[in-house]
Every structure is written in C-alpha cells, then in structure tokens.
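**Q** Contents are compact mmCIF, C-alpha atoms and all ligand atoms; file name structure30.txt:
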# COMPACT_ATOMS: atom_id res chain seq x y z
CA MET W 1 12.21 115.87 -167.92
CA THR W 2 13.27 119.34 -168.94
CA GLN W 3 10.07 121.03 -167.80
CA GLN W 4 9.87 123.45 -164.93
CA ARG W 5 11.04 121.81 -161.73
CA ASP W 6 7.92 122.40 -159.68
CA ARG W 7 6.37 120.23 -156.99
CA ARG W 8 4.87 117.84 -159.50
CA TRP W 9 8.20 117.41 -161.21
CA LEU W 10 9.83 116.83 -157.83
CA ALA W 11 7.32 114.17 -156.81
CA ARG W 12 7.66 112.37 -160.14
CA ALA W 13 11.45 112.61 -160.19
CA ILE W 14 11.71 111.19 -156.68
CA THR W 15 9.38 108.34 -157.54
CA LEU W 16 11.65 107.57 -160.48
CA VAL W 17 14.93 107.55 -158.54
CA GLU W 18 13.34 105.54 -155.74
CA SER W 19 11.91 102.98 -158.12
CA THR W 20 13.23 99.45 -157.74
CA ARG W 21 11.96 98.44 -161.19
CA ALA W 22 14.77 97.47 -163.51
CA GLU W 23 13.12 99.26 -166.44
CA ASP W 24 13.27 102.61 -164.58
CA GLU W 25 16.97 102.37 -163.94
CA GLN W 26 18.20 103.99 -167.14
CA ALA W 27 15.68 106.82 -166.97
CA ALA W 28 16.76 107.49 -163.38
CA GLU W 29 20.42 107.52 -164.43
CA ARG W 30 19.65 109.97 -167.23
CA LEU W 31 17.72 112.20 -164.85
CA LEU W 32 20.55 112.24 -162.31
CA ALA W 33 23.08 113.09 -165.03
CA GLU W 34 20.84 115.87 -166.32
CA ILE W 35 20.32 117.52 -162.93
CA ALA W 36 23.92 117.08 -161.75
CA PRO W 37 24.96 120.68 -162.60
CA ASP W 38 22.11 121.97 -160.43
CA THR W 39 22.99 119.94 -157.35
CA GLY W 40 25.52 120.31 -154.55
CA ARG W 41 24.77 123.86 -153.50
CA ALA W 42 22.42 123.01 -150.64
CA LEU W 43 23.43 122.74 -147.03
CA ARG W 44 22.96 119.07 -146.13
CA VAL W 45 22.39 118.23 -142.48
CA GLY W 46 21.82 114.82 -140.95
CA VAL W 47 19.63 114.72 -137.85
CA SER W 48 19.78 111.61 -135.74
CA GLY W 49 18.55 110.51 -132.37
CA PRO W 50 16.89 107.63 -130.57
CA PRO W 51 13.14 106.97 -130.78
CA GLY W 52 11.10 109.60 -128.95
CA VAL W 53 13.98 112.06 -128.54
CA GLY W 54 11.90 114.61 -130.38
CA LYS W 55 13.23 114.47 -133.94
CA SER W 56 9.95 115.16 -135.70
CA THR W 57 9.00 118.00 -133.35
CA PHE W 58 12.51 119.47 -133.68
CA LEU W 59 12.49 119.23 -137.48
CA ASP W 60 9.10 120.91 -137.58
CA ALA W 61 10.37 123.80 -135.46
CA LEU W 62 13.68 124.04 -137.29
CA GLY W 63 11.99 123.81 -140.68
CA ILE W 64 9.62 126.64 -139.80
CA HIS W 65 12.57 128.72 -138.56
CA LEU W 66 14.42 128.16 -141.83
CA VAL W 67 11.42 128.85 -144.03
CA GLY W 68 10.98 132.09 -142.09
CA ARG W 69 14.52 133.00 -143.08
CA GLY W 70 13.74 132.45 -146.74
CA HIS W 71 15.11 128.95 -147.13
CA ARG W 72 13.45 126.14 -149.05
CA VAL W 73 13.69 123.07 -146.88
CA ALA W 74 13.46 119.38 -147.69
CA VAL W 75 13.14 116.75 -144.98
CA LEU W 76 14.08 113.23 -146.05
CA ALA W 77 14.53 110.09 -143.99
CA VAL W 78 16.75 107.05 -143.87
CA ASP W 79 14.83 104.55 -141.88
CA PRO W 80 15.69 100.88 -141.58
CA SER W 81 11.95 100.34 -141.84
CA SER W 82 10.24 97.47 -140.17
CA PRO W 83 10.75 94.27 -142.14
CA ILE W 84 7.30 93.20 -140.98
CA SER W 85 5.16 96.18 -141.88
CA GLY W 86 7.56 97.38 -144.57
CA GLY W 87 6.41 100.78 -143.43
CA SER W 88 8.46 103.82 -142.69
CA ILE W 89 8.29 105.38 -139.25
CA LEU W 90 10.31 108.49 -139.91
CA ALA W 91 9.54 111.88 -141.42
CA ASP W 92 5.91 111.31 -140.66
CA LYS W 93 4.09 114.38 -141.87
CA THR W 94 1.60 114.18 -139.05
CA ARG W 95 4.28 115.11 -136.51
CA MET W 96 5.48 117.92 -138.76
CA GLU W 97 2.14 119.53 -139.19
CA ARG W 98 3.22 123.11 -139.49
CA LEU W 99 6.06 122.38 -141.88
CA ALA W 100 3.93 120.07 -144.01
CA ARG W 101 1.65 123.03 -144.74
CA CYS W 102 4.52 125.23 -145.99
CA ASP W 103 4.89 125.66 -149.73
CA ALA W 104 8.63 126.17 -149.27
CA ALA W 105 9.01 122.79 -147.55
CA PHE W 106 9.02 119.28 -148.89
CA ILE W 107 8.76 116.25 -146.62
CA ARG W 108 9.52 112.78 -147.86
CA PRO W 109 9.35 109.66 -145.70
CA SER W 110 11.94 106.95 -146.12
CA PRO W 111 11.70 104.90 -149.29
CA GLY W 112 10.62 101.37 -148.52
CA ALA W 113 13.36 98.83 -148.15
CA GLY W 114 14.00 97.03 -151.39
CA ALA W 115 17.25 96.04 -153.00
CA LEU W 116 20.41 95.59 -150.97
CA GLY W 117 21.54 98.77 -149.25
CA GLY W 118 19.01 100.55 -151.38
CA VAL W 119 17.26 102.78 -148.88
CA ALA W 120 20.19 105.08 -148.23
CA ARG W 121 21.21 105.31 -151.86
CA ARG W 122 17.71 106.21 -152.90
CA THR W 123 17.49 108.85 -150.17
CA ARG W 124 20.76 110.34 -151.37
CA GLU W 125 19.43 110.52 -154.90
CA ALA W 126 16.15 112.03 -153.67
CA MET W 127 18.29 114.65 -151.96
CA LEU W 128 19.94 115.54 -155.28
CA VAL W 129 16.52 115.81 -156.92
CA CYS W 130 15.38 118.18 -154.15
CA GLU W 131 18.46 120.31 -154.72
CA ALA W 132 17.74 120.46 -158.44
CA ALA W 133 14.22 121.63 -157.59
CA GLY W 134 15.67 124.55 -155.63
CA HIS W 135 15.70 123.31 -152.06
CA ASP W 136 18.72 124.86 -150.38
CA VAL W 137 18.57 123.13 -147.01
CA ILE W 138 18.25 119.37 -146.87
CA LEU W 139 17.57 117.73 -143.53
CA VAL W 140 18.02 113.96 -143.46
CA GLU W 141 16.48 112.26 -140.47
CA THR W 142 17.47 108.89 -139.07
CA ILE W 143 16.73 106.90 -135.99
CA GLY W 144 20.30 105.61 -135.84
CA VAL W 145 19.58 101.91 -136.00
CA GLY W 146 21.97 99.54 -137.72
CA GLN W 147 24.24 101.48 -140.00
CA SER W 148 21.70 104.16 -140.84
CA GLU W 149 23.65 106.88 -139.04
CA THR W 150 26.74 106.05 -141.07
CA ASP W 151 24.61 106.16 -144.21
CA VAL W 152 23.30 109.60 -143.29
CA SER W 153 26.71 110.95 -142.30
CA LEU W 154 27.88 109.81 -145.74
CA MET W 155 25.42 112.08 -147.50
CA THR W 156 25.50 115.19 -145.32
CA ASP W 157 27.82 118.11 -144.57
CA HIS W 158 27.02 118.12 -140.88
CA PHE W 159 25.73 115.44 -138.54
CA LEU W 160 23.55 116.76 -135.73
CA VAL W 161 22.72 114.35 -132.92
CA LEU W 162 19.71 114.91 -130.68
CA ALA W 163 20.01 113.66 -127.10
CA LEU W 164 17.63 113.46 -124.19
CA PRO W 165 18.29 115.27 -120.93
CA GLY W 166 20.41 112.55 -119.35
CA ALA W 167 19.28 110.56 -116.40
CA GLY W 168 22.61 110.24 -114.70
CA ASP W 169 24.79 108.76 -117.41
CA GLU W 170 25.63 111.58 -119.78
CA LEU W 171 25.96 109.31 -122.78
CA GLN W 172 22.88 107.31 -121.99
CA GLY W 173 20.84 106.46 -125.02
CA LEU W 174 23.64 107.48 -127.33
CA LYS W 175 25.54 104.75 -129.08
CA LYS W 176 29.28 105.29 -129.03
CA GLY W 177 29.46 105.26 -132.81
CA ILE W 178 26.88 107.98 -133.09
CA VAL W 179 28.74 110.25 -130.69
CA GLU W 180 31.89 109.83 -132.73
CA LEU W 181 30.04 110.85 -135.89
CA ALA W 182 28.43 113.89 -134.27
CA ASP W 183 29.47 117.31 -135.55
CA SER W 184 27.18 118.85 -132.98
CA ILE W 185 24.78 117.70 -130.29
CA ALA W 186 21.50 119.28 -129.21
CA ILE W 187 19.84 118.24 -125.99
CA THR W 188 16.13 118.34 -126.66
CA LYS W 189 13.15 118.95 -124.39
CA ALA W 190 15.14 121.48 -122.34
CA ASP W 191 11.99 122.98 -120.86
CA GLY W 192 9.90 122.92 -117.71
CA ASP W 193 10.94 120.27 -115.23
CA ASN W 194 13.54 118.98 -117.67
CA LEU W 195 15.58 122.18 -117.78
CA ALA W 196 17.81 121.49 -114.78
CA ARG W 197 18.56 117.96 -115.93
CA ALA W 198 19.21 119.18 -119.46
CA THR W 199 21.69 121.76 -118.21
CA GLN W 200 23.47 119.09 -116.17
CA ALA W 201 23.48 116.75 -119.18
CA GLN W 202 25.00 119.53 -121.28
CA ALA W 203 27.86 120.00 -118.80
CA ASP W 204 28.44 116.23 -118.56
CA LEU W 205 28.38 115.75 -122.32
CA ARG W 206 30.75 118.65 -122.89
CA MET W 207 33.18 117.10 -120.48
CA ALA W 208 32.92 113.67 -122.07
CA LEU W 209 33.36 115.07 -125.57
CA GLN W 210 36.39 117.10 -124.58
CA ILE W 211 38.03 113.93 -123.34
CA LEU W 212 37.00 112.02 -126.46
CA HIS W 213 38.28 114.75 -128.81
CA GLY W 214 41.31 115.80 -126.81
CA GLY W 215 40.32 119.37 -125.96
CA ALA W 216 37.48 121.85 -125.97
CA ALA W 217 38.41 123.36 -129.33
CA ALA W 218 38.07 120.08 -131.18
CA ALA W 219 34.93 118.93 -129.38
CA PRO W 220 31.56 119.34 -131.11
CA PRO W 221 29.29 121.97 -129.54
CA VAL W 222 26.56 120.81 -127.17
CA LEU W 223 23.48 123.03 -127.10
CA LEU W 224 20.10 123.01 -125.41
CA CYS W 225 16.78 123.44 -127.16
CA SER W 226 13.08 122.99 -126.73
CA ALA W 227 11.11 122.39 -129.88
CA LEU W 228 7.91 122.72 -127.89
CA GLN W 229 8.77 126.22 -126.69
CA GLY W 230 10.80 127.13 -129.72
CA THR W 231 13.84 128.01 -127.62
CA GLY W 232 17.39 127.25 -128.71
CA ILE W 233 16.37 126.30 -132.25
CA ALA W 234 17.94 129.40 -133.82
CA GLU W 235 21.11 128.83 -131.75
CA VAL W 236 21.39 125.21 -132.85
CA TRP W 237 21.06 126.28 -136.46
CA SER W 238 23.65 129.05 -136.03
CA ALA W 239 26.09 126.51 -134.64
CA VAL W 240 25.47 124.23 -137.62
CA GLU W 241 25.95 127.09 -140.07
CA ALA W 242 29.11 128.25 -138.32
CA ALA W 243 30.61 124.77 -138.34
CA VAL W 244 29.83 124.27 -142.02
CA ALA W 245 31.22 127.72 -142.86
CA ARG W 246 34.46 126.79 -141.08
CA ALA W 247 34.60 123.48 -142.91
CA ARG W 248 34.09 125.27 -146.21
CA GLN W 249 36.93 127.66 -145.40
CA ASP W 250 39.47 125.13 -144.27
CA GLY W 251 38.74 122.76 -147.15
CA SER W 252 37.40 119.94 -145.03
CA LEU W 253 33.90 120.28 -146.52
CA ALA W 254 35.22 119.75 -150.04
CA ALA W 255 37.29 116.81 -148.79
CA ARG W 256 34.26 115.34 -147.02
CA ARG W 257 32.08 115.58 -150.10
CA GLY W 258 34.82 114.10 -152.24
CA ALA W 259 35.23 111.16 -149.89
CA GLN W 260 31.46 110.70 -149.83
CA ILE W 261 31.21 110.50 -153.61
CA ARG W 262 33.91 107.83 -153.63
CA ALA W 263 32.21 105.92 -150.82
CA TRP W 264 28.93 105.89 -152.76
CA PHE W 265 30.78 104.68 -155.83
CA HIS W 266 32.29 101.81 -153.86
CA ARG W 267 28.96 100.95 -152.31
CA ALA W 268 27.24 100.99 -155.67
CA ILE W 269 29.86 98.58 -157.00
CA GLU W 270 29.33 96.21 -154.09
CA GLU W 271 25.57 96.39 -154.47
CA ARG W 272 25.69 95.77 -158.19
CA VAL W 273 28.26 92.99 -158.14
CA LEU W 274 26.43 91.18 -155.37
CA GLN W 275 23.07 91.65 -157.05
CA ARG W 276 24.34 90.41 -160.39
CA PHE W 277 26.02 87.42 -158.80
CA LEU W 278 23.11 86.39 -156.59
CA THR W 279 20.49 86.68 -159.31
CA ASP W 280 22.45 84.61 -161.82
CA PRO W 281 20.42 81.41 -162.40
CA ALA W 282 23.51 79.19 -162.54
CA VAL W 283 24.79 80.66 -159.28
CA ARG W 284 21.41 80.15 -157.65
CA ALA W 285 21.29 76.53 -158.70
CA ARG W 286 24.81 75.94 -157.45
CA MET W 287 24.00 77.72 -154.19
CA HIS W 288 21.00 75.50 -153.68
CA ALA W 289 23.12 72.40 -154.24
CA LEU W 290 25.72 73.65 -151.77
CA GLU W 291 22.98 74.34 -149.21
CA LEU W 292 21.97 70.72 -149.40
CA GLU W 293 25.59 69.70 -148.87
CA LEU W 294 25.71 72.07 -145.86
CA ASP W 295 22.55 70.48 -144.44
CA GLN W 296 24.19 67.10 -144.67
CA GLY W 297 27.34 68.38 -143.01
CA ARG W 298 29.41 67.48 -146.06
CA VAL W 299 30.88 70.95 -146.40
CA GLN W 300 31.60 73.92 -144.14
CA PRO W 301 30.11 77.40 -144.79
CA GLY W 302 33.45 79.05 -145.57
CA ALA W 303 34.52 76.35 -148.00
CA ALA W 304 31.08 76.33 -149.61
CA ALA W 305 31.24 80.08 -150.20
CA ARG W 306 34.70 79.78 -151.70
CA ARG W 307 33.55 77.06 -154.05
CA LEU W 308 30.50 79.09 -155.06
CA VAL W 309 32.44 82.27 -155.78
CA GLU W 310 35.35 80.51 -157.46
CA GLY W 311 33.00 78.29 -159.43
CA ALA W 312 34.85 75.25 -158.10
N1 LIG W 401 8.67 118.78 -123.22
C1 LIG W 401 8.97 118.57 -124.50
N2 LIG W 401 8.48 117.53 -125.15
C2 LIG W 401 8.83 117.34 -126.44
C3 LIG W 401 9.69 118.24 -127.12
N3 LIG W 401 9.86 117.79 -128.37
C4 LIG W 401 9.13 116.66 -128.48
N4 LIG W 401 8.50 116.40 -127.33
C5 LIG W 401 7.59 115.26 -127.08
O1 LIG W 401 8.30 114.05 -127.16
C6 LIG W 401 7.52 113.06 -127.79
C7 LIG W 401 8.26 112.49 -128.99
O2 LIG W 401 8.46 113.52 -129.93
P1 LIG W 401 8.73 113.20 -131.47
O3 LIG W 401 9.04 114.50 -132.13
O4 LIG W 401 7.63 112.41 -132.03
O5 LIG W 401 10.02 112.31 -131.32
P2 LIG W 401 10.77 111.45 -132.48
O6 LIG W 401 12.21 111.44 -132.12
O7 LIG W 401 10.39 111.97 -133.81
O8 LIG W 401 10.15 110.05 -132.25
P3 LIG W 401 10.20 108.80 -133.26
O9 LIG W 401 9.78 109.32 -134.62
O10 LIG W 401 9.22 107.85 -132.67
O11 LIG W 401 11.60 108.29 -133.24
C8 LIG W 401 6.20 113.72 -128.17
O12 LIG W 401 5.25 113.39 -127.22
C9 LIG W 401 6.53 115.19 -128.15
O13 LIG W 401 5.42 115.99 -127.83
C10 LIG W 401 10.18 119.37 -126.39
O14 LIG W 401 10.93 120.20 -126.89
N5 LIG W 401 9.80 119.48 -125.10
MG MG W 402 9.52 111.03 -135.49
Produce structure tokens that represent the structure in this file.
Ligand SMILES: Nc1nc2c(ncn2[C@@H]2O[C@H](COP(=O)(O)OP(=O)(O)OP(=O)(O)O)[C@@H](O)[C@H]2O)c(=O)[nH]1
Ligand SMILES: [Mg+2]
**A**
Amino acid sequence: MTQQRDRRWLARAITLVESTRAEDEQAAERLLAEIAPDTGRALRVGVSGPPGVGKSTFLDALGIHLVGRGHRVAVLAVDPSSPISGGSILADKTRMERLARCDAAFIRPSPGAGALGGVARRTREAMLVCEAAGHDVILVETIGVGQSETDVSLMTDHFLVLALPGAGDELQGLKKGIVELADSIAITKADGDNLARATQAQADLRMALQILHGGAAAAPPVLLCSALQGTGIAEVWSAVEAAVARARQDGSLAARRGAQIRAWFHRAIEERVLQRFLTDPAVRARMHALELELDQGRVQPGAAARRLVEGA
C-alpha cells in the first residue's frame, strides 16, 4: 500500500487493521511498520463522559472549530459495544452531521468487539493509520464503561472528561477512576436554564479537584461549554492545547507516550499468550475434562486452573 494516502486508502487500511481474520494479520503488521515513520505527530485527545452528556454534539462542534482552524480531524471511538446487538453506539455520524460532511474530517465508529481486548487495540491502530493519512488531531471518544476510559487514556496525550451540570453532588455521574484520569474537565450544556447550575458545578468540581490533587496548580482545569450555542468550545480546546504544550516542554508527554507503547506491548503479549493457550486443541480438551470434574465437585476452580496451566 504505497499509493497516495487518500480517503479510499484510509478506509481500506482501517478495515485491514481492524480485521479479526488471521490471514490479514501479517498484512496489517506490514502496513503498521510501513506507516510508522509518518505517525506520532498528531495531537491525540480522549473524550469521555457518561451517556447523554453531549459527547457527539460536543465533538461535532469541536471538530468544526478545528477544521476551521485548518486542522484535519479524525474521530474514533472505543465502545464496549453491546454484546447483544454487537453494534457500536459511539461516534455515530448522525449526531455529528456537520462534521461528517467535512472533507477534512474522518469519523469512524468503534470496531465491533471480537478477540480479547481487541477493540481498544484496533482503535489505537486505526488512530495510527489516520495519522499516516495526514490527520493531525485525533479525538477518541468513549462512554467510560468497564475499562474503556483506561484504554483511551492509554492511547491519548490528553484525557478530557465531559460532565453534566451537577445536581447537588459535584462528582455525580463521574466515576472516581475517570476523575483521576482527567487532564481537564468540561461541563457541557452550560446554556439557558442550565447555566447557573453549571457555574455552581464548576466551582464545586474545582474545589473537589484541588483537594484531590493537593492544590490549585496541580488540579486539572474545569471549564464550561455549550455545544448547542457554540460557547466555550474554543476555550476548552485552548486549555487542551496549553496543557499538551506544557507536557511537551517538561518531558511528561514523551514519558507518557513511552509508557503507553510499553503498556500496549504488555497487553499484546497477554492477548496473544491467552489466545494461543485457549485455542490449543489439547488445552481445550483438558479444560472440558476439568469442567466435568468441577461439575462433580471433585476439584476446586483454583486447583483446576493450576492443573490446566501446569499441564498436571
Ligand atoms: N442544552 C444543551 N443540550 C445539549 C448540548 N449538547 C448536547 N445536548 C443534548 O443532549 C442530548 C445528548 O447529546 P449527545 O451529543 O447525543 O450526547 P452523547 O454523550 O453523545 O450521548 P450518547 O452517545 O448516548 O452517550 C441531545 O438531546 C442533545 O441535543 C448543549 O450544549 N446544550
Ligand atoms: Mg453520542
């Protein structure tokens, strides 16, 4: 795939890296090796928030703002998609109508769940493909269920959390883990009747974060925005850019990316070792036999696992 990296190339390359077919694996590896020199220069931002917080509307407004400033934007999603429908609920183009019509933007829903831990890895590789195709801002959306926010924070330079104007409890709707990962927080829907509550939520959140981080200087910024009115979007982006610029200066961005690469390596090992082990026919037969023993109460789960892994 040495042809011009246009939209068609991008679509095909992403399909290849997202493929779960064993026969595509080597081609995907070759592609990723080939594009490696052309990756890593984009600004990678994770955007997370609970259902209905306004992620899609925000990403549409932010994407349009960035395209207007000459950026080429890609919106990707890590979505622990419904095991029933198998469908992805994030990065739906219908809610990003304006951005979806932009030539400088590329929107990709979450790859369907497949192999173990595969969704996040495939999104990360899709991100690299987007970078190789010239996208210089990558926005990775997640709903923050399960470990998806950790997955996204492991592939981005900055983790932006969207929060609703609080109804009393300033951390309501925000999981503790997600607040700890946040590099910045934007309170959405700060418009109309919501504005007063949003302003109060901002003050409350700032206070809580200062306590959590031991001081105002170390606490992530908390901003207000309204995607509907288009207010605060430019300010949120400026805060993201400023934080990333600081991280680049003080070396923490390079350290973060280095740690991420190692984390993906470790994850890939786990995925591969587990996959190889669990698909081995002899292991499967032995596992089945041990399951029968478990059913009969002749062995305990821990001991059965030890015997399986040790081949005892
Ligand atoms: N007032 C107001 N409403 C908003 C704003 N942004 C989004 N909404 C509304 O909030 C609802 C949810 O917005 P979405 O952008 O779909 O939220 P989401 O986080 O993508 O939702 P999921 O994809 O279901 O997790 C919609 O009805 C939007 O019109 C805003 O800035 N102000
Ligand atoms: Mg959405």
**Q** Suppose you want the space between CA of Thr188 (chain W) and CA of Gly40 (chain W); what is it in Å?
**A**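 Computed distance, CA of Thr188 (chain W) to CA of Gly40 (chain W), equals 29.5 Å.
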**Q** Which polymer residues have any atom within 7 Å of an atom of region 137-139 of chain W, counting all atoms listed in the file, with same-chain residues fewer than 5 positions away left out, as JSON, numbers by chain?
**A** {"W": [42, 43, 44, 45, 46, 47, 71, 72, 73, 74, 75, 76, 127]}
**Q** Give me, as CSV, the closest atom pair and its distance (Å, one decimal) for every residue of region 211-281 of chain W within a cut-off of 12 Å of region 192-197 of chain W, counting only C-alpha atoms, rows sorted by chain and rising number.
**A**
residue,atom,partner,partner_atom,distance
W:Leu224,CA,W:Leu195,CA,8.9
W:Cys225,CA,W:Leu195,CA,9.5
W:Ser226,CA,W:Leu195,CA,9.3
W:Leu228,CA,W:Gly192,CA,10.4
W:Gln229,CA,W:Gly192,CA,9.6
W:Thr231,CA,W:Leu195,CA,11.6
**Q** Taking all atoms listed in the file into account, which of W:Glu25, W:Asp157, W:Glu141, W:Asp191 comes nearest ligand LIG 401 (chain W)?
**A**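 Result for the nearest residue to ligand LIG 401 (chain W): W:Asp191.
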**Q** As a PDB file with C-alpha atoms, in the frame of the given file, please: every protein or nucleic acid residue near ligand LIG 401 (chain W) (cut-off 8 Å, counting all atoms listed in the file).
**A**
ATOM      1  CA  GLY W  49      18.550 110.510-132.370  1.00  0.00           C
ATOM      2  CA  PRO W  50      16.890 107.630-130.570  1.00  0.00           C
ATOM      3  CA  PRO W  51      13.140 106.970-130.780  1.00  0.00           C
ATOM      4  CA  GLY W  52      11.100 109.600-128.950  1.00  0.00           C
ATOM      5  CA  VAL W  53      13.980 112.060-128.540  1.00  0.00           C
ATOM      6  CA  GLY W  54      11.900 114.610-130.380  1.00  0.00           C
ATOM      7  CA  LYS W  55      13.230 114.470-133.940  1.00  0.00           C
ATOM      8  CA  SER W  56       9.950 115.160-135.700  1.00  0.00           C
ATOM      9  CA  THR W  57       9.000 118.000-133.350  1.00  0.00           C
ATOM     10  CA  PHE W  58      12.510 119.470-133.680  1.00  0.00           C
ATOM     11  CA  LEU W  59      12.490 119.230-137.480  1.00  0.00           C
ATOM     12  CA  ILE W  89       8.290 105.380-139.250  1.00  0.00           C
ATOM     13  CA  LEU W  90      10.310 108.490-139.910  1.00  0.00           C
ATOM     14  CA  ALA W  91       9.540 111.880-141.420  1.00  0.00           C
ATOM     15  CA  ASP W  92       5.910 111.310-140.660  1.00  0.00           C
ATOM     16  CA  ARG W  95       4.280 115.110-136.510  1.00  0.00           C
ATOM     17  CA  ILE W 143      16.730 106.900-135.990  1.00  0.00           C
ATOM     18  CA  THR W 188      16.130 118.340-126.660  1.00  0.00           C
ATOM     19  CA  LYS W 189      13.150 118.950-124.390  1.00  0.00           C
ATOM     20  CA  ALA W 190      15.140 121.480-122.340  1.00  0.00           C
ATOM     21  CA  ASP W 191      11.990 122.980-120.860  1.00  0.00           C
ATOM     22  CA  GLY W 192       9.900 122.920-117.710  1.00  0.00           C
ATOM     23  CA  ASN W 194      13.540 118.980-117.670  1.00  0.00           C
ATOM     24  CA  CYS W 225      16.780 123.440-127.160  1.00  0.00           C
ATOM     25  CA  SER W 226      13.080 122.990-126.730  1.00  0.00           C
ATOM     26  CA  ALA W 227      11.110 122.390-129.880  1.00  0.00           C
ATOM     27  CA  LEU W 228       7.910 122.720-127.890  1.00  0.00           C
ATOM     28  CA  GLN W 229       8.770 126.220-126.690  1.00  0.00           C
ATOM     29  CA  GLY W 230      10.800 127.130-129.720  1.00  0.00           C
TER      30      GLY W 230
END
**Q** Any idea what the distance is between CA of Ala208 (chain W) and CA of Val244 (chain W)?
**A**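 CA of Ala208 (chain W) sits 22.8 Å away from CA of Val244 (chain W).
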**Q** Find, counting only C-alpha atoms, the residue in W:Ala217, W:Leu253, W:Val309, W:Ile14 that gets nearest to Leu274 (chain W).
**A** W:Val309
**Q** Please, what distance in Å, to one decimal, runs between CA of Phe106 (chain W) and CA of Glu180 (chain W)?
**A** 29.6 Å
**Q** Nearest residue to ligand MG 402 (chain W) out of W:Asp38, W:Asp79, W:Gln249, W:Ala13, using all atoms listed in the file?
**A**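 The shortest atom-to-atom distance to ligand MG 402 (chain W) comes from W:Asp79.
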**Q** Counting all atoms listed in the file, which of W:Ala303, W:Val78, W:Leu128, W:Ile269 gets nearest to ligand MG 402 (chain W)?
**A** W:Val78
**Q** Return as lines of an AutoDock Vina configuration file the box centre and box size in Å, one decimal, for an axis-aligned box around all listed atoms of region 148-159 of chain W padded by 6 Å per side.
**A**
center_x = 24.8
center_y = 111.1
center_z = -143.0
size_x = 18.2
size_y = 26.0
size_z = 21.0
**Q** I need the residue nearest ligand MG 402 (chain W) from this list: W:Ser48, W:Gln4, W:Gln26, W:Ser19. Use all atoms listed in the file for the distance.
**A** W:Ser48
**Q** Please identify all polymer residues within 12 Å of region 254-264 of chain W, counting only C-alpha atoms, omitting same-chain residues fewer than 2 positions from it, and present them as a PyMOL selection string.
**A** chain W and resi 40-41+43-44+117-118+120-122+124-125+150-158+244-252+266-272
